[in-house]
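A.B. asks: Sharing data-v7.cif (mmCIF, C-alpha atoms) below.
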data_model
loop_
_atom_site.label_atom_id
_atom_site.label_comp_id
_atom_site.auth_asym_id
_atom_site.auth_seq_id
_atom_site.Cartn_x
_atom_site.Cartn_y
_atom_site.Cartn_z
CA MET A 1 -8.70 10.11 24.14
CA TRP A 2 -6.18 9.73 21.35
CA LEU A 3 -6.33 7.93 18.05
CA LEU A 4 -3.15 6.29 16.84
CA ARG A 5 -3.64 5.28 13.26
CA ARG A 6 -0.36 3.92 11.87
CA VAL A 7 -0.91 0.43 13.21
CA LYS A 8 -1.78 -3.10 12.24
CA ALA A 9 -4.62 -4.31 14.44
CA GLU A 10 -3.14 -7.78 14.89
CA ARG A 11 -0.10 -6.25 16.56
CA TRP A 12 -2.36 -4.74 19.25
CA PRO A 13 -4.58 -7.52 20.60
CA GLU A 14 -6.94 -6.56 23.41
CA GLY A 15 -7.18 -8.14 26.83
CA GLN A 16 -4.30 -10.55 26.69
CA GLY A 17 -2.79 -9.27 29.94
CA LYS A 18 0.72 -10.57 29.37
CA TYR A 19 2.93 -9.86 26.41
CA THR A 20 6.04 -11.54 25.16
CA GLN A 21 9.09 -9.76 23.85
CA GLU A 22 7.97 -10.81 20.38
CA ASP A 23 4.62 -9.06 20.89
CA VAL A 24 6.42 -5.89 21.96
CA ALA A 25 8.82 -6.10 19.04
CA ALA A 26 5.94 -6.46 16.58
CA ALA A 27 3.97 -3.56 18.06
CA TYR A 28 7.12 -1.45 18.23
CA GLU A 29 7.27 -1.58 14.44
CA ASP A 30 4.12 0.56 14.41
CA LEU A 31 5.51 3.21 16.73
CA ARG A 32 9.11 3.18 15.52
CA LEU A 33 10.13 6.59 14.26
CA ARG A 34 11.51 6.73 10.74
CA ARG A 35 14.66 8.58 11.77
CA GLU A 36 15.99 8.13 8.25
CA ASN A 37 13.06 10.28 7.17
CA ASP A 38 13.65 12.92 9.87
CA GLU A 39 10.57 11.77 11.73
CA THR A 40 10.62 13.16 15.27
CA GLY A 41 7.14 12.50 16.59
CA ILE A 42 4.42 9.88 16.81
CA SER A 43 1.30 11.12 15.07
CA VAL A 44 -1.93 11.05 17.11
CA TYR A 45 -5.38 12.61 16.80
CA LYS A 46 -7.35 14.06 19.71
CA VAL A 47 -10.89 12.64 19.66
CA ALA A 48 -13.85 12.89 22.02
CA ASP A 49 -15.26 9.40 21.64
CA GLU A 50 -15.33 6.28 19.48
CA LYS A 51 -17.76 7.79 17.00
CA GLU A 52 -15.53 10.77 16.39
CA ALA A 53 -12.53 8.46 16.15
CA GLU A 54 -14.22 6.43 13.43
CA ASN A 55 -14.92 9.61 11.51
CA VAL A 56 -11.30 10.74 11.78
CA ALA A 57 -10.15 7.32 10.59
CA LEU A 58 -12.58 7.49 7.69
CA LEU A 59 -11.53 10.98 6.64
CA TYR A 60 -7.91 9.91 6.74
CA ALA A 61 -8.69 6.85 4.62
CA MET A 62 -10.67 8.90 2.11
CA THR A 63 -8.42 11.89 1.70
CA LEU A 64 -4.91 10.66 2.45
CA ARG A 65 -5.02 7.10 1.16
CA ARG A 66 -5.21 6.76 -2.56
CA ARG A 67 -7.19 3.56 -2.65
CA PRO A 68 -10.08 2.26 -0.59
CA GLN A 69 -8.55 -0.20 1.82
CA LYS A 70 -8.94 -1.59 5.31
CA PHE A 71 -8.05 0.79 8.11
CA ASP A 72 -6.76 -0.08 11.58
CA TYR A 73 -6.32 2.21 14.56
CA ILE A 74 -6.11 2.13 18.31
CA LEU A 75 -7.68 4.43 20.88
CA ILE A 76 -5.61 5.41 23.87
CA PRO A 77 -6.98 7.01 27.04
CA ASP A 78 -5.60 10.44 27.95
CA THR A 79 -4.03 9.07 31.10
CA ALA A 80 -1.84 6.63 29.19
CA ILE A 81 0.23 9.36 27.59
CA ALA A 82 -0.49 12.39 29.80
CA ASP A 83 3.13 12.62 30.94
CA LEU A 84 4.59 12.71 27.43
CA PRO A 85 5.59 15.83 25.49
CA MET A 86 2.78 16.66 23.08
CA ARG A 87 3.00 19.16 20.22
CA LYS A 88 0.09 20.39 18.10
CA GLU A 89 0.95 19.79 14.47
CA THR A 90 -1.56 21.20 12.02
CA GLU A 91 -1.03 20.29 8.38
CA GLU A 92 -2.07 22.63 5.62
CA GLY A 93 -3.69 20.66 2.83
CA HIS A 94 -5.29 18.10 5.10
CA HIS A 95 -9.00 17.97 5.85
CA PRO A 96 -9.74 20.42 8.71
CA SER A 97 -11.20 17.65 10.86
CA LEU A 98 -7.84 15.92 10.67
CA SER A 99 -5.58 18.90 10.87
CA ASP A 100 -7.38 20.46 13.85
CA ARG A 101 -7.06 17.29 15.87
CA HIS A 102 -3.52 16.39 14.97
CA TYR A 103 -0.69 16.25 17.52
CA GLU A 104 2.65 14.57 17.79
CA ILE A 105 4.16 12.84 20.78
CA ASP A 106 7.41 14.62 20.40
CA GLY A 107 11.07 14.06 21.02
CA LEU A 108 11.12 10.47 22.24
CA THR A 109 14.26 8.41 22.02
CA ASP A 110 14.05 4.94 20.51
CA LYS A 111 14.27 3.49 24.01
CA GLU A 112 11.37 5.68 25.15
CA VAL A 113 9.34 4.61 22.14
CA GLU A 114 9.94 1.01 23.11
CA GLN A 115 8.81 1.76 26.67
CA LEU A 116 5.72 3.48 25.30
CA THR A 117 4.99 0.38 23.24
CA THR A 118 5.07 -1.80 26.34
CA ARG A 119 2.93 0.67 28.21
CA LEU A 120 0.27 0.81 25.49
CA LEU A 121 0.22 -2.95 25.00
CA GLY A 122 -0.46 -3.35 28.71
CA CYS A 123 -3.02 -0.54 28.91
CA GLU A 124 -6.37 -2.16 29.73
CA GLU A 125 -8.37 0.82 28.44
CA ARG A 126 -6.66 0.77 25.07
CA ARG A 127 -9.01 -0.31 22.30
CA THR A 128 -8.10 -1.73 18.91
CA PHE A 129 -10.28 -1.14 15.85
CA HIS A 130 -10.27 -2.70 12.42
CA LEU A 131 -12.43 -1.22 9.68
CA ASP A 132 -12.59 -3.72 6.88
CA ARG A 133 -12.70 -2.43 3.34
CA ARG A 134 -16.41 -2.83 2.81
CA ARG A 135 -17.07 -0.99 6.05
CA VAL A 136 -14.74 1.82 4.96
CA GLU A 137 -16.52 2.10 1.62
CA SER A 138 -19.93 2.01 3.24
CA LEU A 139 -19.01 4.76 5.69
CA ALA A 140 -17.48 6.74 2.85
CA LEU A 141 -20.77 6.72 0.96
CA ASN A 142 -22.53 8.16 3.99
CA GLN A 143 -19.79 10.73 4.43
CA ILE A 144 -20.12 11.88 0.83
CA ASP A 145 -23.83 12.38 1.37
CA ALA A 146 -23.14 14.47 4.45
CA GLU A 147 -20.25 16.36 2.89
CA PRO A 148 -20.67 16.35 -0.92
CA GLN A 149 -17.69 18.66 -1.48
CA LEU A 150 -15.46 15.87 -0.18
CA ALA A 151 -15.82 14.21 -3.58
CA ASP A 152 -13.52 16.91 -4.97
CA GLU A 153 -10.71 15.60 -2.79
CA LEU A 154 -11.06 11.96 -3.69
CA SER A 155 -8.66 10.10 -5.93
CA PRO A 156 -9.82 8.47 -9.18
CA GLU A 157 -9.60 5.08 -7.42
CA TRP A 158 -11.96 6.25 -4.70
CA LEU A 159 -14.39 7.76 -7.18
CA LYS A 160 -14.34 4.62 -9.31
CA THR A 161 -15.27 2.60 -6.24
CA LEU A 162 -17.93 4.86 -4.81
CA GLU A 163 -19.71 6.03 -7.92
CA PRO A 164 -21.36 2.70 -8.84
CA ARG A 165 -22.40 2.20 -5.21
CA ARG A 166 -24.18 5.51 -4.73
CA SER A 167 -27.44 3.98 -5.81
CA GLU A 168 -27.22 1.21 -3.20
CA PRO A 169 -29.11 1.42 0.11
CA LYS A 170 -27.03 3.30 2.66
CA SER A 171 -25.62 1.88 5.86
CA ASP A 172 -27.42 2.96 9.04
CA SER A 173 -24.27 4.00 10.84
CA MET B 1 4.54 -20.17 -17.65
CA ALA B 2 6.38 -17.70 -19.82
CA LEU B 3 5.90 -14.19 -18.57
CA THR B 4 6.35 -11.44 -21.04
CA LEU B 5 5.63 -7.78 -20.93
CA ARG B 6 4.62 -5.75 -23.91
CA ARG B 7 6.49 -2.51 -23.98
CA THR B 8 6.81 0.25 -26.45
CA GLN B 9 8.70 2.80 -24.43
CA PHE B 10 10.56 0.95 -21.76
CA TRP B 11 13.27 3.43 -21.14
CA LYS B 12 12.44 7.08 -20.80
CA PRO B 13 13.46 8.68 -17.52
CA LYS B 14 12.59 12.37 -17.68
CA GLU B 15 15.71 13.45 -15.81
CA PRO B 16 17.94 10.55 -16.61
CA PHE B 17 21.27 11.30 -15.06
CA THR B 18 22.04 14.49 -13.27
CA ASN B 19 24.62 14.70 -10.53
CA ASP B 20 23.46 11.57 -8.80
CA THR B 21 25.86 8.73 -8.34
CA LYS B 22 24.62 5.93 -10.54
CA HIS B 23 24.66 2.28 -9.69
CA THR B 24 24.63 -0.74 -11.78
CA LEU B 25 21.90 -2.87 -10.34
CA GLY B 26 23.39 -5.17 -7.77
CA SER B 27 26.28 -2.89 -6.98
CA ASP B 28 26.27 -0.55 -3.98
CA SER B 29 29.45 1.34 -4.59
CA GLN B 30 30.35 1.58 -8.23
CA GLU B 31 30.89 5.11 -9.46
CA LEU B 32 29.66 5.59 -12.95
CA PRO B 33 30.01 8.32 -15.52
CA SER B 34 27.49 11.12 -15.36
CA ARG B 35 25.85 10.13 -18.60
CA ILE B 36 25.42 6.59 -19.76
CA VAL B 37 23.94 5.17 -22.86
CA LEU B 38 21.76 2.29 -21.82
CA PRO B 39 21.56 -0.75 -24.01
CA PRO B 40 18.04 -1.96 -24.47
CA VAL B 41 17.11 -4.92 -22.34
CA PHE B 42 14.20 -5.95 -24.48
CA SER B 43 14.02 -7.67 -27.77
CA ALA B 44 12.60 -5.38 -30.41
CA SER B 45 11.82 -8.35 -32.59
CA THR B 46 9.56 -9.99 -30.03
CA GLY B 47 8.46 -6.93 -28.09
CA THR B 48 9.19 -8.66 -24.82
CA ILE B 49 11.38 -7.83 -21.89
CA PRO B 50 13.36 -10.51 -20.12
CA LEU B 51 13.02 -9.19 -16.59
CA PRO B 52 15.72 -9.88 -14.05
CA ASP B 53 15.28 -12.76 -11.71
CA LEU B 54 14.29 -11.90 -8.15
CA GLN B 55 16.86 -13.84 -6.21
CA GLY B 56 18.62 -13.20 -2.93
CA SER B 57 18.30 -10.29 -0.56
CA PRO B 58 17.60 -6.66 -1.37
CA GLN B 59 21.34 -6.10 -1.15
CA ASP B 60 22.08 -8.24 -4.17
CA GLU B 61 19.12 -6.90 -5.97
CA TRP B 62 19.31 -8.21 -9.48
CA ASP B 63 20.86 -11.10 -11.28
CA SER B 64 24.11 -10.81 -13.13
CA SER B 65 22.57 -10.69 -16.56
CA SER B 66 20.75 -7.47 -15.76
CA ARG B 67 23.74 -5.87 -14.03
CA ARG B 68 25.42 -5.51 -17.35
CA SER B 69 22.59 -3.67 -18.95
CA VAL B 70 20.59 -1.78 -16.33
CA VAL B 71 21.85 1.30 -14.59
CA TYR B 72 19.83 3.22 -12.09
CA PRO B 73 20.38 6.03 -9.56
CA GLU B 74 20.35 4.06 -6.34
CA LYS B 75 20.64 7.14 -4.14
CA ARG B 76 17.63 8.70 -5.78
CA PHE B 77 15.68 5.47 -5.50
CA ARG B 78 16.40 5.31 -1.79
CA LYS B 79 15.57 8.98 -1.32
CA GLU B 80 12.24 8.64 -3.10
CA TYR B 81 11.50 5.46 -1.19
CA LEU B 82 11.74 7.38 2.09
CA ARG B 83 8.99 9.67 0.85
CA LEU B 84 6.55 6.85 0.21
CA GLY B 85 3.65 6.86 2.63
CA THR B 86 4.43 10.41 3.75
CA VAL B 87 1.59 12.94 3.71
CA THR B 88 3.26 16.01 5.12
CA GLY B 89 5.13 18.97 3.66
CA ASP B 90 5.06 18.96 -0.14
CA LEU B 91 3.31 15.57 0.01
CA ALA B 92 0.37 16.90 2.05
CA THR B 93 -1.79 17.26 -1.04
CA ALA B 94 -2.86 14.71 -3.65
CA GLU B 95 -1.19 16.85 -6.32
CA GLY B 96 2.12 16.79 -4.45
CA ARG B 97 1.99 13.05 -4.00
CA ALA B 98 1.12 12.57 -7.67
CA ARG B 99 4.11 14.70 -8.68
CA ALA B 100 6.41 12.63 -6.48
CA GLY B 101 5.00 9.46 -8.02
CA LEU B 102 6.16 10.50 -11.48
CA PHE B 103 9.69 9.55 -10.53
CA TRP B 104 8.70 5.91 -10.24
CA THR B 105 6.54 5.79 -13.35
CA ASP B 106 9.55 6.93 -15.37
CA TRP B 107 11.38 3.79 -14.27
CA GLY B 108 8.61 1.41 -15.20
CA ALA B 109 9.15 -2.28 -14.54
CA TYR B 110 12.53 -1.64 -12.95
CA ALA B 111 10.90 0.52 -10.30
CA ALA B 112 8.39 -2.25 -9.69
CA GLU B 113 11.12 -4.83 -9.23
CA TRP B 114 13.10 -2.60 -6.90
CA LEU B 115 10.08 -1.69 -4.79
CA ILE B 116 8.87 -5.28 -4.53
CA LEU B 117 12.26 -6.27 -3.17
CA ARG B 118 11.99 -3.54 -0.55
CA LEU B 119 8.48 -4.59 0.31
CA ARG B 120 9.80 -7.90 1.53
CA ASP B 121 11.38 -6.31 4.61
CA GLU B 122 9.05 -3.35 5.05
CA THR B 123 6.95 -3.23 8.23
CA ASN B 124 5.64 0.34 8.19
CA VAL B 125 1.98 0.27 7.14
CA ASP B 126 2.16 3.68 5.46
CA VAL B 127 5.19 2.75 3.39
CA VAL B 128 3.61 -0.54 2.34
CA ALA B 129 0.51 1.38 1.23
CA GLY B 130 2.76 3.80 -0.65
CA VAL B 131 4.56 0.99 -2.46
CA VAL B 132 1.25 -0.55 -3.49
CA ASP B 133 0.13 2.85 -4.77
CA VAL B 134 3.22 3.08 -6.97
CA LEU B 135 2.76 -0.44 -8.29
CA THR B 136 -0.79 0.54 -9.14
CA SER B 137 0.41 3.66 -10.95
CA LEU B 138 2.84 1.64 -13.00
CA GLY B 139 -0.03 -0.32 -14.48
CA GLU B 140 0.96 -3.21 -16.73
CA GLU B 141 4.62 -2.41 -16.08
CA SER B 142 4.32 -3.85 -12.61
CA VAL B 143 2.33 -6.95 -13.47
CA VAL B 144 5.19 -9.24 -14.44
CA PRO B 145 7.32 -8.24 -11.42
CA ILE B 146 4.29 -8.87 -9.19
CA LEU B 147 3.65 -12.28 -10.73
CA ARG B 148 7.28 -13.24 -10.38
CA ALA B 149 7.24 -12.22 -6.74
CA LEU B 150 4.05 -14.17 -6.09
CA GLU B 151 5.62 -17.17 -7.80
CA LYS B 152 8.08 -17.29 -4.90
CA GLN B 153 5.23 -17.72 -2.42
CA PRO B 154 5.91 -14.73 -0.18
CA GLU B 155 4.46 -14.58 3.31
CA ALA B 156 0.75 -13.83 3.43
CA GLU B 157 1.07 -10.16 4.29
CA LYS B 158 3.35 -9.45 1.34
CA ALA B 159 1.27 -11.51 -1.03
CA ALA B 160 -1.79 -9.54 0.03
CA SER B 161 -0.05 -6.26 -0.77
CA LEU B 162 0.89 -7.49 -4.23
CA LEU B 163 -2.63 -8.69 -4.92
CA GLU B 164 -3.94 -5.33 -3.74
CA ALA B 165 -1.92 -3.62 -6.44
CA LEU B 166 -3.22 -5.94 -9.15
CA GLU B 167 -6.80 -4.92 -8.50
CA TRP B 168 -6.29 -1.47 -9.96
CA ILE B 169 -4.50 -2.47 -13.14
CA ASP B 170 -6.81 -2.78 -16.11
CA LEU B 171 -5.91 -5.88 -18.10
CA SER B 172 -9.01 -5.94 -20.25
CA ASP B 173 -6.95 -5.17 -23.37
CA ASN B 174 -4.19 -7.64 -22.71
CA LEU B 175 -5.70 -11.10 -22.71
CA PRO B 176 -2.43 -13.12 -22.50
CA LEU B 177 -1.29 -11.17 -19.46
CA ALA B 178 -4.78 -11.32 -17.97
CA ARG B 179 -4.69 -15.11 -18.23
CA ASP B 180 -1.34 -15.25 -16.44
CA VAL B 181 -2.73 -13.02 -13.71
CA ALA B 182 -5.89 -15.12 -13.46
CA ASP B 183 -3.79 -18.26 -12.97
CA LYS B 184 -2.02 -16.63 -10.05
CA ILE B 185 -5.13 -15.11 -8.49
CA LYS B 186 -6.81 -18.51 -8.64
CA VAL B 187 -4.19 -19.92 -6.27
CA TYR B 188 -5.07 -17.32 -3.64
CA LEU B 189 -8.82 -17.60 -4.06
CA SER B 190 -8.69 -20.92 -2.28
CA ASP B 191 -6.16 -19.93 0.38
CA GLU B 192 -7.09 -20.83 3.92
CA LYS B 193 -6.46 -17.25 5.07
CA TYR B 194 -9.54 -15.07 4.89
CA GLU B 195 -7.53 -11.90 4.25
CA LEU B 196 -5.77 -13.41 1.25
CA ARG B 197 -8.97 -14.69 -0.30
CA GLU B 198 -10.52 -11.27 0.20
CA VAL B 199 -7.79 -9.37 -1.65
CA ALA B 200 -7.74 -12.06 -4.32
CA TYR B 201 -11.46 -11.53 -4.92
CA TYR B 202 -10.84 -7.82 -5.30
CA ALA B 203 -7.91 -8.52 -7.62
CA THR B 204 -10.24 -10.22 -10.09
CA ARG B 205 -11.45 -6.72 -10.92
CA ALA B 206 -8.31 -6.34 -13.04
CA LEU B 207 -9.47 -9.13 -15.34
CA PRO B 208 -11.80 -9.10 -18.31
CA PRO B 209 -15.32 -9.75 -16.96
CA ALA B 210 -15.63 -13.23 -18.50
CA ILE B 211 -12.42 -14.47 -16.88
CA ALA B 212 -13.25 -12.80 -13.57
CA THR B 213 -16.71 -14.33 -13.50
CA GLU B 214 -15.34 -17.79 -14.20
CA LEU B 215 -12.95 -17.52 -11.26
CA LEU B 216 -15.52 -16.06 -8.91
CA GLU B 217 -18.14 -18.68 -9.74
CA LEU B 218 -15.59 -21.39 -9.16
CA SER B 219 -14.77 -19.95 -5.75
CA LEU B 220 -18.42 -20.14 -4.70
CA THR B 221 -17.98 -23.91 -4.55
CA TRP B 222 -15.78 -23.51 -1.46
CA GLU B 223 -16.28 -20.00 -0.08
CA MET B 224 -18.52 -20.36 2.97
CA SER B 225 -17.48 -17.31 5.01
CA ASP B 226 -19.21 -13.93 4.91
CA LEU B 227 -17.13 -13.26 1.79
CA ARG B 228 -19.58 -15.45 -0.10
CA GLU B 229 -22.06 -12.60 -0.33
CA PHE B 230 -19.35 -10.29 -1.58
CA VAL B 231 -18.32 -12.79 -4.25
CA ALA B 232 -21.92 -13.08 -5.39
CA SER B 233 -22.19 -9.30 -5.70
CA GLU B 234 -18.94 -9.20 -7.67
CA ILE B 235 -20.33 -11.77 -10.09
CA ARG B 236 -23.46 -9.65 -10.55
CA ASP B 237 -21.30 -6.59 -11.20
CA ARG B 238 -19.12 -8.39 -13.75
CA ASN B 239 -22.15 -9.79 -15.53
CA SER B 240 -23.64 -6.34 -15.84
CA GLU B 241 -20.53 -4.91 -17.51
#
Using structure tokens, write down the structure from this file.

C.D. replies:
Amino acid sequence: MWLLRRVKAERWPEGQGKYTQEDVAAAYEDLRLRRENDETGISVYKVADEKEAENVALLYAMTLRRRPQKFDYILIPDTAIADLPMRKETEEGHHPSLSDRHYEIDGLTDKEVEQLTTRLLGCEERRTFHLDRRRVESLALNQIDAEPQLADELSPEWLKTLEPRRSEPKSDS
Amino acid sequence: MALTLRRTQFWKPKEPFTNDTKHTLGSDSQELPSRIVLPPVFSASTGTIPLPDLQGSPQDEWDSSSRRSVVYPEKRFRKEYLRLGTVTGDLATAEGRARAGLFWTDWGAYAAEWLILRLRDETNVDVVAGVVDVLTSLGEESVVPILRALEKQPEAEKAASLLEALEWIDLSDNLPLARDVADKIKVYLSDEKYELREVAYYATRALPPAIATELLELSLTWEMSDLREFVASEIRDRNSE
């Protein structure tokens, strides 16, 4: 399955069945390519399951977001985008767990992106996830325990948040 | 409420005017000389800056009083704006992103005003996060622009972004400004929207512990959601500082 992270969860409600044009327009804002920024592909991460997806989301939040904050993403089944052009896009400087899993849905026109939006909104197997900030921070504490060297990659804002909490009881998950 | 901003070095762009076309704020087309002496827009006698009013659309960015005195490289602003939220290429590393952020810090409160205007129409979650990061970097420089924007009661999503930025600005050494910020945070602490109350609780971290504790304890009289436990833990943290 694929993780699509540049989303707002409320734009991707689950199980509604029918969608209005307004719903599509709102969700399209998440997929819209920033042509003005020479963006050519929609960034996705290849993940095996929900657990791995959560870890990818967490690593993104910890290493590529400067501040601890909520994190939304959706999971898309392989079949939903199997017919689309996919390009592996590793990024030097990113955490290996991110870089190794990173792809781009490449070369879509704006019209095709809009069609993809409709397709994903209507995809029954698509799942929407929202990690609230306290959950992100809690997972981050566990991650630091498992991967202490990650602390070297954290911003001062992240360190300021996590350091006082390291003495707290850890989350089970 | 009179908002003032203490400033000792308001104007110090590192690469002030190169070959960029410069714009007077509010003008999209005016060609200006390659080097311009900028009149100060703050009163040295009072140490305060009368910031431009945030009226109208992003196209008519600043009010007429500031157009006469503030000149900025619009093209460069727009170019740097496009890079916000990007984490590829030279922005793939934290160091690269920090370097890019220096552009905005050189423009201080003006950068904050400009970015907050853009935020109003921004829908891309990465760019919004990038704008908040810059506002955070600007520290006290961005506080008055944020308060002025909140004064206009923006939609919840935008207000949340502005409150997010406040959290990371340390106001413990600026009591007057901290009190202004506390007044504004207080409004959002009792908002009916959970998300807004949540970011407002976090924003109290910018305040001196005594002021933060007062606000948080007050909010316990109405907060009945699962945020109540979080508020209680914040009070414990403030009291231990």

A.B. asks: Report, in Å to a single decimal, how far apart atom CA of B:Val125 and atom CA of B:Ala112 are.

C.D. replies: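 The value is 18.2 Å.
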
A.B. asks: Counting all atoms listed in the file, find residues at most 12 Å from (0.9, 8.0, 4.8) (file frame) and give them as number ranges by chain.

C.D. replies: A: 5-7, 43, 60-67, 71, 94; B: 82-89, 91-94, 97, 124-133

A.B. asks: Would you save the residues of that selection, restricted to C-alpha atoms, as a compact mmCIF listing (two decimals), keeping the file's coordinate frame?

C.D. replies:
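Output (part-v9.txt):
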# COMPACT_ATOMS: atom_id res chain seq x y z
CA ARG A 5 -3.64 5.28 13.26
CA ARG A 6 -0.36 3.92 11.87
CA VAL A 7 -0.91 0.43 13.21
CA SER A 43 1.30 11.12 15.07
CA TYR A 60 -7.91 9.91 6.74
CA ALA A 61 -8.69 6.85 4.62
CA MET A 62 -10.67 8.90 2.11
CA THR A 63 -8.42 11.89 1.70
CA LEU A 64 -4.91 10.66 2.45
CA ARG A 65 -5.02 7.10 1.16
CA ARG A 66 -5.21 6.76 -2.56
CA ARG A 67 -7.19 3.56 -2.65
CA PHE A 71 -8.05 0.79 8.11
CA HIS A 94 -5.29 18.10 5.10
CA LEU B 82 11.74 7.38 2.09
CA ARG B 83 8.99 9.67 0.85
CA LEU B 84 6.55 6.85 0.21
CA GLY B 85 3.65 6.86 2.63
CA THR B 86 4.43 10.41 3.75
CA VAL B 87 1.59 12.94 3.71
CA THR B 88 3.26 16.01 5.12
CA GLY B 89 5.13 18.97 3.66
CA LEU B 91 3.31 15.57 0.01
CA ALA B 92 0.37 16.90 2.05
CA THR B 93 -1.79 17.26 -1.04
CA ALA B 94 -2.86 14.71 -3.65
CA ARG B 97 1.99 13.05 -4.00
CA ASN B 124 5.64 0.34 8.19
CA VAL B 125 1.98 0.27 7.14
CA ASP B 126 2.16 3.68 5.46
CA VAL B 127 5.19 2.75 3.39
CA VAL B 128 3.61 -0.54 2.34
CA ALA B 129 0.51 1.38 1.23
CA GLY B 130 2.76 3.80 -0.65
CA VAL B 131 4.56 0.99 -2.46
CA VAL B 132 1.25 -0.55 -3.49
CA ASP B 133 0.13 2.85 -4.77

A.B. asks: Contacts of stretch 114-124 of chain A at 7 Å or less, counting all atoms listed in the file, minus same-chain residues fewer than 5 places along, as a short mmCIF file (atom, residue, chain, number, x, y, z; two decimals) with C-alpha atoms, in the coordinates of the input?

C.D. replies:
data_model
loop_
_atom_site.label_atom_id
_atom_site.label_comp_id
_atom_site.auth_asym_id
_atom_site.auth_seq_id
_atom_site.Cartn_x
_atom_site.Cartn_y
_atom_site.Cartn_z
CA TRP A 12 -2.36 -4.74 19.25
CA GLY A 15 -7.18 -8.14 26.83
CA GLY A 17 -2.79 -9.27 29.94
CA VAL A 24 6.42 -5.89 21.96
CA ALA A 27 3.97 -3.56 18.06
CA TYR A 28 7.12 -1.45 18.23
#

A.B. asks: Report, in Å with one decimal, the straight-line distance from atom CA of B:Glu223 to atom CA of A:Arg134.

C.D. replies: 17.4 Å

A.B. asks: Assuming the chain letters and numbering stay as they are in my file, what does the PyMOL selection byres ((chain A and resi 126) around 7) actually select? List them as a list in words.

C.D. replies: Ile74, Leu75, Ile76, Pro77, Leu120, Cys123, Glu124, Glu125, Arg127 and Thr128 of chain A

A.B. asks: Quick one: which residues end up in the PyMOL selection byres ((chain A and resi 151) around 12) for this structure, as a PyMOL selection string?

C.D. replies: chain A and resi 59+62-63+140-150+152-163

A.B. asks: With only C-alpha atoms as the basis for distance, which of B:Ala212, B:Ala200, B:Val134, B:Leu115 is at the shortest distance from chain A?

C.D. replies: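 Between B:Ala212, B:Ala200, B:Val134, B:Leu115, the residue approaching chain A most closely is B:Val134.
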
A.B. asks: Between atom CA of B:Asp180 and atom CA of B:Ser225, what is the spacing in Å?

C.D. replies: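 Interatomic distance, atom CA of B:Ser225 to atom CA of B:Asp180: 26.9 Å.
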
A.B. asks: What do you get, as a JSON list (two decimals) with C-alpha atoms, keeping the file's coordinate frame, if you spell out every residue that the PyMOL selection byres ((chain B and resi 216) around 8) selects here?

C.D. replies:
[["chain", "number", "residue", "atom", "x", "y", "z"],
["B", 201, "TYR", "CA", -11.46, -11.53, -4.92],
["B", 204, "THR", "CA", -10.24, -10.22, -10.09],
["B", 212, "ALA", "CA", -13.25, -12.80, -13.57],
["B", 213, "THR", "CA", -16.71, -14.33, -13.50],
["B", 214, "GLU", "CA", -15.34, -17.79, -14.20],
["B", 215, "LEU", "CA", -12.95, -17.52, -11.26],
["B", 217, "GLU", "CA", -18.14, -18.68, -9.74],
["B", 218, "LEU", "CA", -15.59, -21.39, -9.16],
["B", 219, "SER", "CA", -14.77, -19.95, -5.75],
["B", 220, "LEU", "CA", -18.42, -20.14, -4.70],
["B", 231, "VAL", "CA", -18.32, -12.79, -4.25],
["B", 232, "ALA", "CA", -21.92, -13.08, -5.39],
["B", 234, "GLU", "CA", -18.94, -9.20, -7.67],
["B", 235, "ILE", "CA", -20.33, -11.77, -10.09]]

A.B. asks: Let me make sure I understand: among B:Glu164, B:Asp106, B:Glu192, B:Glu113, which one has the smallest atom-to-atom distance to chain A if we use all atoms listed in the file?

C.D. replies: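 The closest residue to chain A is B:Glu164.
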
A.B. asks: Pick out the closest residue to chain A from this set: B:Leu119, B:Leu175, B:Ile169, B:Ala159. Count only C-alpha atoms.

C.D. replies: B:Ile169

A.B. asks: When you count all atoms listed in the file, which of these residues is closest to A:Pro68: B:Leu177, B:Ala165, B:Ala182, B:Ala206?

C.D. replies: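 Closest to A:Pro68 of all the choices is B:Ala165.
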
A.B. asks: Rank nothing, just name the residue among A:Asp83, A:Glu54, A:Glu89, A:Asp100 nearest to chain B, using only C-alpha atoms.

C.D. replies: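 Going through A:Asp83, A:Glu54, A:Glu89, A:Asp100 one by one, the smallest distance to chain B is for A:Glu89.
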